[in-house]
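Engineer: So here's upload36.csv (CSV, C-alpha atoms).
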```
chain,number,residue,atom,x,y,z
A,1,MET,CA,24.7,-1.8,4.2
A,2,ILE,CA,23.9,-2.2,0.5
A,3,TYR,CA,27.0,-4.4,0.1
A,4,LEU,CA,26.1,-6.5,3.0
A,5,ARG,CA,22.6,-7.0,1.8
A,6,SER,CA,23.9,-7.8,-1.7
A,7,LEU,CA,26.2,-10.4,-0.2
A,8,LEU,CA,23.4,-12.0,1.8
A,9,PHE,CA,21.2,-12.1,-1.3
A,10,ASN,CA,23.9,-13.8,-3.4
A,11,VAL,CA,24.3,-16.5,-0.7
A,12,ALA,CA,20.6,-17.0,-0.4
A,13,PHE,CA,20.1,-17.0,-4.2
A,14,TYR,CA,22.7,-19.7,-4.9
A,15,LEU,CA,21.4,-21.8,-2.1
A,16,CYS,CA,17.9,-21.4,-3.4
A,17,THR,CA,18.9,-22.2,-6.9
A,18,THR,CA,20.8,-25.3,-5.8
A,19,VAL,CA,17.7,-26.5,-3.9
A,20,PHE,CA,15.4,-25.9,-6.9
A,21,ALA,CA,17.9,-27.4,-9.4
A,22,ILE,CA,18.4,-30.6,-7.4
A,23,GLY,CA,15.0,-30.9,-5.9
A,24,GLY,CA,13.3,-30.2,-9.2
A,25,LEU,CA,15.0,-33.0,-11.1
A,26,PRO,CA,11.9,-35.2,-11.1
A,27,THR,CA,10.1,-32.6,-13.2
A,28,MET,CA,12.2,-33.7,-16.2
A,29,LEU,CA,10.1,-36.9,-16.2
A,30,PHE,CA,6.9,-34.9,-16.7
A,31,GLY,CA,7.7,-32.8,-19.7
A,32,ARG,CA,8.2,-29.2,-20.6
A,33,LYS,CA,5.2,-27.7,-18.8
A,34,ALA,CA,6.4,-29.1,-15.5
A,35,ILE,CA,9.9,-27.6,-16.0
A,36,LEU,CA,8.4,-24.2,-16.9
A,37,GLU,CA,6.3,-24.2,-13.7
A,38,LEU,CA,9.4,-25.0,-11.7
A,39,ALA,CA,11.2,-22.1,-13.5
A,40,ARG,CA,8.4,-19.7,-12.5
A,41,SER,CA,8.5,-20.9,-8.9
A,42,TRP,CA,12.2,-20.3,-8.8
A,43,ALA,CA,11.8,-16.8,-10.4
A,44,ARG,CA,9.1,-15.8,-8.0
A,45,THR,CA,11.2,-17.0,-5.0
A,46,THR,CA,14.2,-15.0,-6.3
A,47,LEU,CA,12.1,-11.8,-6.7
A,48,TRP,CA,10.9,-12.4,-3.1
A,49,LEU,CA,14.5,-12.7,-1.9
A,50,LEU,CA,15.4,-9.4,-3.7
A,51,ASP,CA,12.5,-7.6,-2.1
A,52,THR,CA,13.0,-9.0,1.4
A,53,ILE,CA,16.8,-8.8,1.6
A,54,CYS,CA,17.7,-5.9,-0.8
A,55,GLY,CA,14.5,-3.9,-0.9
A,56,MET,CA,14.4,-4.3,-4.7
A,57,LYS,CA,10.7,-4.4,-5.8
A,58,VAL,CA,9.1,-4.6,-9.2
A,59,GLU,CA,6.2,-2.8,-10.9
A,60,PHE,CA,4.8,-4.4,-14.1
A,61,ARG,CA,2.9,-2.1,-16.3
A,62,GLY,CA,0.9,-2.6,-19.5
A,63,LEU,CA,0.0,-6.2,-18.8
A,64,GLU,CA,-3.1,-5.6,-21.0
A,65,ASN,CA,-0.7,-5.5,-23.9
A,66,LEU,CA,0.9,-8.9,-23.1
A,67,ARG,CA,-0.1,-11.7,-25.3
A,68,GLN,CA,0.4,-15.1,-23.8
A,69,LYS,CA,0.4,-17.2,-27.0
A,70,GLY,CA,1.9,-17.3,-30.4
A,71,CYS,CA,3.9,-14.0,-30.1
A,72,ILE,CA,7.4,-12.6,-29.9
A,73,ILE,CA,8.3,-10.8,-26.7
A,74,ALA,CA,11.2,-8.4,-27.5
A,75,ALA,CA,12.8,-7.0,-24.3
A,76,LYS,CA,15.5,-4.6,-23.4
A,77,HIS,CA,18.4,-6.4,-21.7
A,78,GLN,CA,20.3,-4.5,-19.0
A,79,SER,CA,20.7,-7.1,-16.3
A,80,ALA,CA,20.4,-10.8,-15.4
A,81,TRP,CA,17.2,-9.7,-13.5
A,82,GLU,CA,14.9,-9.7,-16.5
A,83,THR,CA,15.9,-13.2,-17.6
A,84,LEU,CA,14.1,-14.6,-14.5
A,85,ALA,CA,11.5,-11.8,-13.8
A,86,LEU,CA,9.7,-11.8,-17.1
A,87,VAL,CA,8.9,-15.5,-17.0
A,88,THR,CA,6.6,-14.9,-14.0
A,89,GLN,CA,4.2,-13.2,-16.3
A,90,VAL,CA,4.0,-15.8,-19.1
A,91,GLU,CA,2.5,-19.2,-18.9
A,92,ASP,CA,4.2,-21.0,-21.8
A,93,PHE,CA,7.4,-19.5,-23.0
A,94,THR,CA,10.6,-20.2,-24.9
A,95,TYR,CA,13.8,-18.2,-24.6
A,96,ILE,CA,16.3,-17.7,-27.5
A,97,LEU,CA,19.7,-18.1,-25.9
A,98,LYS,CA,23.3,-18.9,-26.6
A,99,ARG,CA,24.1,-22.6,-27.0
A,100,GLU,CA,26.9,-22.4,-24.4
A,101,LEU,CA,24.3,-22.2,-21.7
A,102,THR,CA,23.1,-25.7,-22.5
A,103,PHE,CA,26.5,-27.1,-21.5
A,104,ILE,CA,26.1,-26.1,-17.9
A,105,PRO,CA,25.6,-29.2,-15.8
A,106,ILE,CA,21.9,-29.7,-14.7
A,107,PHE,CA,20.9,-26.2,-15.7
A,108,GLY,CA,21.7,-27.0,-19.3
A,109,GLN,CA,19.6,-30.2,-19.1
A,110,TYR,CA,16.6,-28.1,-17.9
A,111,LEU,CA,17.0,-25.8,-20.9
A,112,THR,CA,17.2,-28.7,-23.3
A,113,ARG,CA,14.3,-30.7,-21.8
A,114,SER,CA,12.1,-27.6,-21.7
A,115,ASP,CA,12.7,-27.0,-25.4
A,116,GLN,CA,14.4,-23.6,-25.2
A,117,ILE,CA,16.0,-22.4,-28.4
A,118,ALA,CA,19.8,-22.6,-28.2
A,119,ILE,CA,21.7,-20.8,-31.0
A,120,ASN,CA,25.3,-21.3,-32.1
A,121,ARG,CA,26.4,-17.7,-32.5
A,122,ALA,CA,29.7,-18.8,-34.0
A,123,SER,CA,28.0,-19.4,-37.3
A,124,ARG,CA,25.8,-16.4,-38.0
A,125,SER,CA,24.0,-17.8,-41.1
A,126,ALA,CA,23.3,-21.1,-39.5
A,127,ALA,CA,22.2,-19.4,-36.3
A,128,LEU,CA,19.6,-17.4,-38.2
A,129,ARG,CA,18.3,-20.5,-40.0
A,130,ASP,CA,18.0,-22.4,-36.7
A,131,LEU,CA,16.4,-19.4,-35.0
A,132,VAL,CA,13.7,-19.1,-37.7
A,133,GLU,CA,13.0,-22.9,-37.9
A,134,GLN,CA,12.8,-23.5,-34.1
A,135,ALA,CA,11.0,-20.3,-33.3
A,136,GLY,CA,8.5,-20.8,-36.0
A,137,LYS,CA,7.6,-24.2,-34.6
A,138,ALA,CA,7.3,-22.8,-31.1
A,139,ILE,CA,5.0,-20.0,-32.2
A,140,ALA,CA,2.9,-22.5,-34.2
A,141,GLU,CA,2.5,-24.4,-30.9
A,142,GLY,CA,1.2,-21.3,-29.2
A,143,ARG,CA,4.3,-20.4,-27.2
A,144,ALA,CA,5.6,-16.9,-26.5
A,145,ILE,CA,9.2,-16.4,-27.7
A,146,PHE,CA,11.4,-14.3,-25.5
A,147,ILE,CA,14.2,-12.5,-27.4
A,148,PHE,CA,16.6,-9.7,-26.5
A,149,PRO,CA,17.0,-7.6,-29.7
A,150,GLU,CA,20.5,-6.4,-28.7
A,151,GLY,CA,21.7,-10.0,-28.2
A,152,THR,CA,23.5,-9.3,-24.9
A,153,ARG,CA,23.2,-7.1,-21.8
A,154,ARG,CA,23.8,-3.4,-22.4
A,155,PRO,CA,24.2,-0.9,-19.5
A,156,ALA,CA,21.3,1.3,-18.6
A,157,GLY,CA,21.6,4.4,-20.7
A,158,ALA,CA,24.0,2.9,-23.2
A,159,PRO,CA,23.5,3.6,-26.9
A,160,PRO,CA,21.4,0.9,-28.5
A,161,GLN,CA,23.0,-1.9,-30.6
A,162,TYR,CA,20.2,-3.8,-32.1
A,163,LYS,CA,20.9,-7.1,-34.0
A,164,SER,CA,19.1,-8.3,-37.1
A,165,GLY,CA,17.8,-11.6,-35.5
A,166,VAL,CA,14.6,-10.2,-34.1
A,167,SER,CA,13.6,-8.6,-37.5
A,168,HIS,CA,14.3,-11.9,-39.3
A,169,LEU,CA,12.3,-13.7,-36.7
A,170,TYR,CA,9.3,-11.3,-37.1
A,171,ALA,CA,9.4,-11.6,-40.9
A,172,ALA,CA,9.6,-15.4,-41.0
A,173,ALA,CA,7.3,-16.2,-38.1
A,174,LYS,CA,4.6,-13.8,-39.1
A,175,ALA,CA,3.8,-13.3,-35.4
A,176,PRO,CA,2.9,-10.1,-33.5
A,177,CYS,CA,5.6,-8.6,-31.3
A,178,VAL,CA,5.3,-7.2,-27.8
A,179,PRO,CA,8.1,-4.8,-26.9
A,180,VAL,CA,9.2,-4.7,-23.3
A,181,ALA,CA,11.0,-1.6,-21.8
A,182,LEU,CA,12.6,-1.7,-18.4
A,183,ASN,CA,15.2,-0.1,-16.2
A,184,SER,CA,16.7,-3.0,-14.3
A,185,GLY,CA,20.3,-1.9,-14.9
A,186,LEU,CA,19.8,0.9,-12.4
A,187,PHE,CA,19.3,-1.6,-9.6
A,188,TRP,CA,21.1,-4.7,-10.7
A,189,PRO,CA,23.9,-3.5,-13.0
A,190,ARG,CA,25.7,-6.1,-15.2
A,191,ARG,CA,29.0,-7.5,-14.0
A,192,THR,CA,28.5,-6.6,-10.4
A,193,PHE,CA,27.1,-8.3,-7.3
A,194,VAL,CA,25.5,-5.1,-5.9
A,195,LYS,CA,21.7,-5.0,-5.8
A,196,ARG,CA,20.3,-1.6,-5.0
A,197,PRO,CA,16.9,-0.9,-3.3
A,198,GLY,CA,14.1,0.6,-5.3
A,199,VAL,CA,11.4,-0.3,-7.8
A,200,VAL,CA,12.4,-1.9,-11.1
A,201,LEU,CA,9.9,-0.6,-13.7
A,202,VAL,CA,8.8,-2.9,-16.5
A,203,GLU,CA,6.4,-1.9,-19.2
A,204,PHE,CA,4.8,-4.1,-21.9
A,205,LEU,CA,4.3,-1.8,-24.8
A,206,PRO,CA,1.5,-1.9,-27.4
A,207,VAL,CA,1.7,-4.8,-29.8
A,208,ILE,CA,3.5,-4.4,-33.1
A,209,PRO,CA,1.1,-6.2,-35.5
A,210,VAL,CA,2.2,-8.6,-38.3
A,211,GLY,CA,2.5,-7.2,-41.8
A,212,LEU,CA,5.2,-4.6,-41.5
A,213,SER,CA,8.2,-4.6,-43.7
A,214,THR,CA,11.5,-5.7,-42.0
A,215,ALA,CA,12.8,-2.2,-42.1
A,216,GLU,CA,9.6,-0.6,-40.8
A,217,PHE,CA,9.4,-3.2,-38.0
A,218,SER,CA,13.0,-2.6,-37.0
A,219,ARG,CA,12.5,1.2,-36.8
A,220,THR,CA,9.3,0.8,-34.9
A,221,LEU,CA,10.7,-1.6,-32.4
A,222,GLN,CA,13.8,0.4,-31.6
A,223,GLN,CA,11.9,3.7,-31.4
A,224,ARG,CA,9.3,2.3,-29.0
A,225,LEU,CA,11.8,0.5,-26.8
A,226,GLU,CA,14.3,3.3,-26.6
A,227,THR,CA,11.7,6.0,-25.9
A,228,ALA,CA,10.0,4.0,-23.2
A,229,THR,CA,13.2,2.8,-21.6
A,230,ASP,CA,14.5,6.4,-21.4
A,231,ARG,CA,11.2,7.4,-19.8
A,232,LEU,CA,11.4,4.7,-17.2
A,233,ILE,CA,15.0,5.5,-16.4
A,234,ALA,CA,14.1,9.2,-16.0
A,235,GLU,CA,11.2,8.3,-13.7
A,236,SER,CA,13.4,6.3,-11.4
A,237,LEU,CA,16.1,8.9,-11.3
A,238,ALA,CA,13.5,11.5,-10.4
A,239,ALA,CA,12.3,9.3,-7.5
A,240,ASP,CA,15.9,8.5,-6.3
A,241,PRO,CA,18.6,10.8,-7.6
A,242,ARG,CA,21.3,8.6,-6.0
A,243,LEU,CA,20.7,6.1,-8.9
A,244,ALA,CA,22.4,8.6,-11.2
A,245,VAL,CA,25.7,7.2,-9.9
A,246,ASN,CA,24.8,3.8,-11.3
A,247,LEU,CA,23.8,5.4,-14.6
A,248,ALA,CA,27.1,7.3,-14.8
A,249,LYS,CA,29.1,4.1,-14.1
A,250,SER,CA,27.0,2.3,-16.8
A,251,SER,CA,27.7,5.0,-19.3
A,252,GLN,CA,31.5,4.9,-18.6
A,253,ALA,CA,31.5,1.1,-18.9
A,254,ALA,CA,29.6,1.3,-22.2
A,255,ALA,CA,32.1,3.9,-23.6
A,256,ALA,CA,35.0,1.7,-22.5
A,257,VAL,CA,33.8,-1.3,-24.5
A,258,SER,CA,32.5,0.5,-27.6
```
If you took the structure in this file and wrote it as structure tokens, what would it be?
Structural biologist:
Amino acid sequence: MIYLRSLLFNVAFYLCTTVFAIGGLPTMLFGRKAILELARSWARTTLWLLDTICGMKVEFRGLENLRQKGCIIAAKHQSAWETLALVTQVEDFTYILKRELTFIPIFGQYLTRSDQIAINRASRSAALRDLVEQAGKAIAEGRAIFIFPEGTRRPAGAPPQYKSGVSHLYAAAKAPCVPVALNSGLFWPRRTFVKRPGVVLVEFLPVIPVGLSTAEFSRTLQQRLETATDRLIAESLAADPRLAVNLAKSSQAAAAVS
């Protein structure tokens, strides 16, 4: 039944995405804010489809810690799920993403016209310069910057692999950082179409203020994210021990690529 529901969701998701992508083209005439509202509507619809078809719900915690403007939002990245779910909670946002995504027809145009930050990861030094310059401008304009400190999706329970980009951004932008812990990889594992029922837990953690050294910020961010993420994973496993199978598969996949 899970596989059938996952298949039905995938069909509905791609149909929905096509309708939003084509039907929303006029928003490009009205600027970045219109495109962001379209993105939030698409994300909310996708979450509704996940709930209705797959039984995958979401619980957002710590919203009192979420700053809407002029901040860095540093989230764990276990699944494609958080790339769309987190935007439902933020009014004016910019993602830091790989440049290759802007080459996708139509979707790439939305990214470019909404002023998302596309980084060429082939040149590390140039990428850091571009990151600092573009993100600094966005924060000065009052936007919230989404960044995944590990750079790419990591399986739930996998050992952390934090990159230096988030620390450089924090030091250069002089902006507070909101860490975001989650356990989406238990329900929507990377590199699989299976979507499992349950409640994805997302927790916005206390703000890391400006003024820390780069090393201290890096330690604080990783400690808070890893501790809270482990706690959320344990909570969901206690509620549904069957999810342990997903965690075991994720651990094996992480070991195979490390």
Engineer: Every residue with an atom at most 12 Å from (12.1, -18.6, -27.4) (file coordinates; all atoms listed in the file) is what I'm after, so could you write them as a ChimeraX atom specification?
Structural biologist: /A:69-74,83,87,90,92-98,111,114-119,130-139,141-148,166,169,173
Engineer: Using all atoms listed in the file, which residues of range 93-203 of chain A come within 6 Å of range 210-219 of chain A, and what is the closest atom pair for each, with the distance in Å to one decimal? Give it as JSON lines, sorted by chain and residue number.
Structural biologist:
```
{"residue": "A:Ser167", "atom": "CA", "partner": "A:Thr214", "partner_atom": "CA", "distance": 5.8}
{"residue": "A:Lys174", "atom": "CA", "partner": "A:Val210", "partner_atom": "CA", "distance": 5.8}
{"residue": "A:Ala175", "atom": "CA", "partner": "A:Val210", "partner_atom": "CA", "distance": 5.7}
{"residue": "A:Pro176", "atom": "CA", "partner": "A:Val210", "partner_atom": "CA", "distance": 5.1}
```
Engineer: Enter the distance from CA of Tyr170 in chain A to CA of Pro149 in chain A, in Å, rounded to one decimal.
Structural biologist: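 Between CA of Tyr170 in chain A and CA of Pro149 in chain A the gap is 11.3 Å.
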Engineer: Please indicate the distance in Å from CA of Glu235 in chain A to CA of Arg190 in chain A, rounded to one decimal place.
Structural biologist: 20.5 Å
Engineer: Around the point (25.4, -2.2, 2.3) (coordinates from the file), which residues reach within 12 Å if we count only C-alpha atoms? Answer as a short mmCIF file (atom, residue, chain, number, x, y, z; two decimals) with C-alpha atoms, keeping the file's coordinate frame.
Structural biologist:
```
data_model
loop_
_atom_site.label_atom_id
_atom_site.label_comp_id
_atom_site.auth_asym_id
_atom_site.auth_seq_id
_atom_site.Cartn_x
_atom_site.Cartn_y
_atom_site.Cartn_z
CA MET A 1 24.70 -1.80 4.20
CA ILE A 2 23.90 -2.20 0.50
CA TYR A 3 27.00 -4.40 0.10
CA LEU A 4 26.10 -6.50 3.00
CA ARG A 5 22.60 -7.00 1.80
CA SER A 6 23.90 -7.80 -1.70
CA LEU A 7 26.20 -10.40 -0.20
CA LEU A 8 23.40 -12.00 1.80
CA PHE A 9 21.20 -12.10 -1.30
CA ILE A 53 16.80 -8.80 1.60
CA CYS A 54 17.70 -5.90 -0.80
CA GLY A 55 14.50 -3.90 -0.90
CA PHE A 193 27.10 -8.30 -7.30
CA VAL A 194 25.50 -5.10 -5.90
CA LYS A 195 21.70 -5.00 -5.80
CA ARG A 196 20.30 -1.60 -5.00
CA PRO A 197 16.90 -0.90 -3.30
#
```
Engineer: Kindly assemble as a Markdown table a list of the range 97-192 of chain A residues that lie within 10 Å of range 11-24 of chain A, each paired with its nearest atom pair and their distance in Å to one decimal, using only C-alpha atoms, sorted first by chain and then by ascending residue number.
Structural biologist:
```
| residue | atom | partner | partner_atom | distance |
| --- | --- | --- | --- | --- |
| A:Ile106 | CA | A:Ala21 | CA | 7.0 |
| A:Phe107 | CA | A:Ala21 | CA | 7.1 |
| A:Tyr110 | CA | A:Ala21 | CA | 8.6 |
```
Engineer: Could you please take those selected residues and save C-alpha atoms as a short mmCIF file (atom, residue, chain, number, x, y, z; two decimals), in the frame of the given file?
Structural biologist:
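Output saved as result-v9.cif:
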```cif
data_model
loop_
_atom_site.label_atom_id
_atom_site.label_comp_id
_atom_site.auth_asym_id
_atom_site.auth_seq_id
_atom_site.Cartn_x
_atom_site.Cartn_y
_atom_site.Cartn_z
CA ILE A 106 21.90 -29.70 -14.70
CA PHE A 107 20.90 -26.20 -15.70
CA TYR A 110 16.60 -28.10 -17.90
#
```
Engineer: Considering all atoms listed in the file, return as an mmCIF file with C-alpha atoms, keeping the file's coordinate frame whatever protein or nucleic-acid residues lie within 12 Å of Arg44 in chain A, sequence-local ones (same chain, fewer than 2 positions apart) excluded.
Structural biologist:
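The result, written out as part27.cif:
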```cif
data_model
loop_
_atom_site.group_PDB
_atom_site.id
_atom_site.type_symbol
_atom_site.label_atom_id
_atom_site.label_comp_id
_atom_site.auth_asym_id
_atom_site.auth_seq_id
_atom_site.Cartn_x
_atom_site.Cartn_y
_atom_site.Cartn_z
ATOM 1 C CA PHE A 13 20.100 -17.000 -4.200
ATOM 2 C CA CYS A 16 17.900 -21.400 -3.400
ATOM 3 C CA THR A 17 18.900 -22.200 -6.900
ATOM 4 C CA PHE A 20 15.400 -25.900 -6.900
ATOM 5 C CA GLU A 37 6.300 -24.200 -13.700
ATOM 6 C CA LEU A 38 9.400 -25.000 -11.700
ATOM 7 C CA ALA A 39 11.200 -22.100 -13.500
ATOM 8 C CA ARG A 40 8.400 -19.700 -12.500
ATOM 9 C CA SER A 41 8.500 -20.900 -8.900
ATOM 10 C CA TRP A 42 12.200 -20.300 -8.800
ATOM 11 C CA THR A 46 14.200 -15.000 -6.300
ATOM 12 C CA LEU A 47 12.100 -11.800 -6.700
ATOM 13 C CA TRP A 48 10.900 -12.400 -3.100
ATOM 14 C CA LEU A 49 14.500 -12.700 -1.900
ATOM 15 C CA LEU A 50 15.400 -9.400 -3.700
ATOM 16 C CA ASP A 51 12.500 -7.600 -2.100
ATOM 17 C CA LYS A 57 10.700 -4.400 -5.800
ATOM 18 C CA VAL A 58 9.100 -4.600 -9.200
ATOM 19 C CA TRP A 81 17.200 -9.700 -13.500
ATOM 20 C CA GLU A 82 14.900 -9.700 -16.500
ATOM 21 C CA LEU A 84 14.100 -14.600 -14.500
ATOM 22 C CA ALA A 85 11.500 -11.800 -13.800
ATOM 23 C CA LEU A 86 9.700 -11.800 -17.100
ATOM 24 C CA VAL A 87 8.900 -15.500 -17.000
ATOM 25 C CA THR A 88 6.600 -14.900 -14.000
ATOM 26 C CA GLN A 89 4.200 -13.200 -16.300
#
```
Engineer: Between CA of Asn65 in chain A and CA of Thr229 in chain A, what is the distance, to one decimal in Å?
Structural biologist: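 Separation between CA of Asn65 in chain A and CA of Thr229 in chain A: 16.4 Å.
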Engineer: Could you list, as JSON, numbers by chain, every residue within 10 Å of Gly31 in chain A, counting only C-alpha atoms and ignoring same-chain residues fewer than 4 positions away?
Structural biologist: {"A": [26, 27, 35, 36, 113, 114, 115]}
Engineer: Nearest residue to Thr192 in chain A out of A:Thr227, A:Asn10, A:Gln109, A:Ser236, using only C-alpha atoms?
Structural biologist: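 Closest to Thr192 in chain A of all the choices is A:Asn10.
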Engineer: Nearest to Arg99 in chain A: which of A:Arg121, A:Ser79, A:Leu232, A:Phe204 is it, counting all atoms listed in the file?
Structural biologist: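 That would be A:Arg121, the residue with the smallest distance to Arg99 in chain A.
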Engineer: Counting only C-alpha atoms, which of A:Lys33, A:Arg154, A:Lys163, A:Arg61 gets nearest to His77 in chain A?
Structural biologist: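 Checking each candidate against His77 in chain A, we get A:Arg154 as the closest.
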Engineer: Rebuild range 94-113 of chain A so that it carries N, CA and C atoms, then output the result as an mmCIF file, in the frame of the given file.
Structural biologist:
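rebuild18.cif was written with the following content:
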```cif
data_model
loop_
_atom_site.group_PDB
_atom_site.id
_atom_site.type_symbol
_atom_site.label_atom_id
_atom_site.label_comp_id
_atom_site.auth_asym_id
_atom_site.auth_seq_id
_atom_site.Cartn_x
_atom_site.Cartn_y
_atom_site.Cartn_z
ATOM 1 N N THR A 94 9.354 -19.708 -24.375
ATOM 2 C CA THR A 94 10.600 -20.200 -24.900
ATOM 3 C C THR A 94 11.592 -19.085 -25.015
ATOM 4 N N TYR A 95 12.791 -19.255 -24.478
ATOM 5 C CA TYR A 95 13.800 -18.200 -24.600
ATOM 6 C C TYR A 95 14.733 -18.576 -25.808
ATOM 7 N N ILE A 96 15.190 -17.540 -26.492
ATOM 8 C CA ILE A 96 16.300 -17.700 -27.500
ATOM 9 C C ILE A 96 17.555 -17.343 -26.736
ATOM 10 N N LEU A 97 18.470 -18.291 -26.670
ATOM 11 C CA LEU A 97 19.700 -18.100 -25.900
ATOM 12 C C LEU A 97 20.884 -18.712 -26.550
ATOM 13 N N LYS A 98 22.052 -18.377 -26.051
ATOM 14 C CA LYS A 98 23.300 -18.900 -26.600
ATOM 15 C C LYS A 98 23.478 -20.362 -26.259
ATOM 16 N N ARG A 99 23.988 -21.138 -27.198
ATOM 17 C CA ARG A 99 24.100 -22.600 -27.000
ATOM 18 C C ARG A 99 24.974 -22.959 -25.826
ATOM 19 N N GLU A 100 25.961 -22.119 -25.506
ATOM 20 C CA GLU A 100 26.900 -22.400 -24.400
ATOM 21 C C GLU A 100 26.182 -22.673 -23.096
ATOM 22 N N LEU A 101 25.019 -22.053 -22.907
ATOM 23 C CA LEU A 101 24.300 -22.200 -21.700
ATOM 24 C C LEU A 101 23.798 -23.659 -21.467
ATOM 25 N N THR A 102 23.580 -24.365 -22.563
ATOM 26 C CA THR A 102 23.100 -25.700 -22.500
ATOM 27 C C THR A 102 24.195 -26.703 -22.008
ATOM 28 N N PHE A 103 25.434 -26.228 -21.964
ATOM 29 C CA PHE A 103 26.500 -27.100 -21.500
ATOM 30 C C PHE A 103 26.730 -27.050 -20.014
ATOM 31 N N ILE A 104 26.013 -26.153 -19.325
ATOM 32 C CA ILE A 104 26.100 -26.100 -17.900
ATOM 33 C C ILE A 104 25.462 -27.287 -17.240
ATOM 34 N N PRO A 105 26.170 -28.009 -16.365
ATOM 35 C CA PRO A 105 25.600 -29.200 -15.800
ATOM 36 C C PRO A 105 24.241 -28.897 -15.065
ATOM 37 N N ILE A 106 23.293 -29.768 -15.218
ATOM 38 C CA ILE A 106 21.900 -29.700 -14.700
ATOM 39 C C ILE A 106 21.142 -28.560 -15.272
ATOM 40 N N PHE A 107 21.632 -27.322 -15.139
ATOM 41 C CA PHE A 107 20.900 -26.200 -15.700
ATOM 42 C C PHE A 107 20.733 -26.367 -17.213
ATOM 43 N N GLY A 108 21.769 -26.817 -17.892
ATOM 44 C CA GLY A 108 21.700 -27.000 -19.300
ATOM 45 C C GLY A 108 20.667 -28.109 -19.688
ATOM 46 N N GLN A 109 20.546 -29.112 -18.826
ATOM 47 C CA GLN A 109 19.600 -30.200 -19.100
ATOM 48 C C GLN A 109 18.133 -29.618 -18.951
ATOM 49 N N TYR A 110 17.938 -28.734 -18.002
ATOM 50 C CA TYR A 110 16.600 -28.100 -17.900
ATOM 51 C C TYR A 110 16.285 -27.313 -19.148
ATOM 52 N N LEU A 111 17.267 -26.582 -19.660
ATOM 53 C CA LEU A 111 17.000 -25.800 -20.900
ATOM 54 C C LEU A 111 16.668 -26.708 -22.046
ATOM 55 N N THR A 112 17.423 -27.784 -22.187
ATOM 56 C CA THR A 112 17.200 -28.700 -23.300
ATOM 57 C C THR A 112 15.847 -29.407 -23.191
ATOM 58 N N ARG A 113 15.542 -29.896 -22.006
ATOM 59 C CA ARG A 113 14.300 -30.700 -21.800
ATOM 60 C C ARG A 113 13.060 -29.784 -21.871
#
```
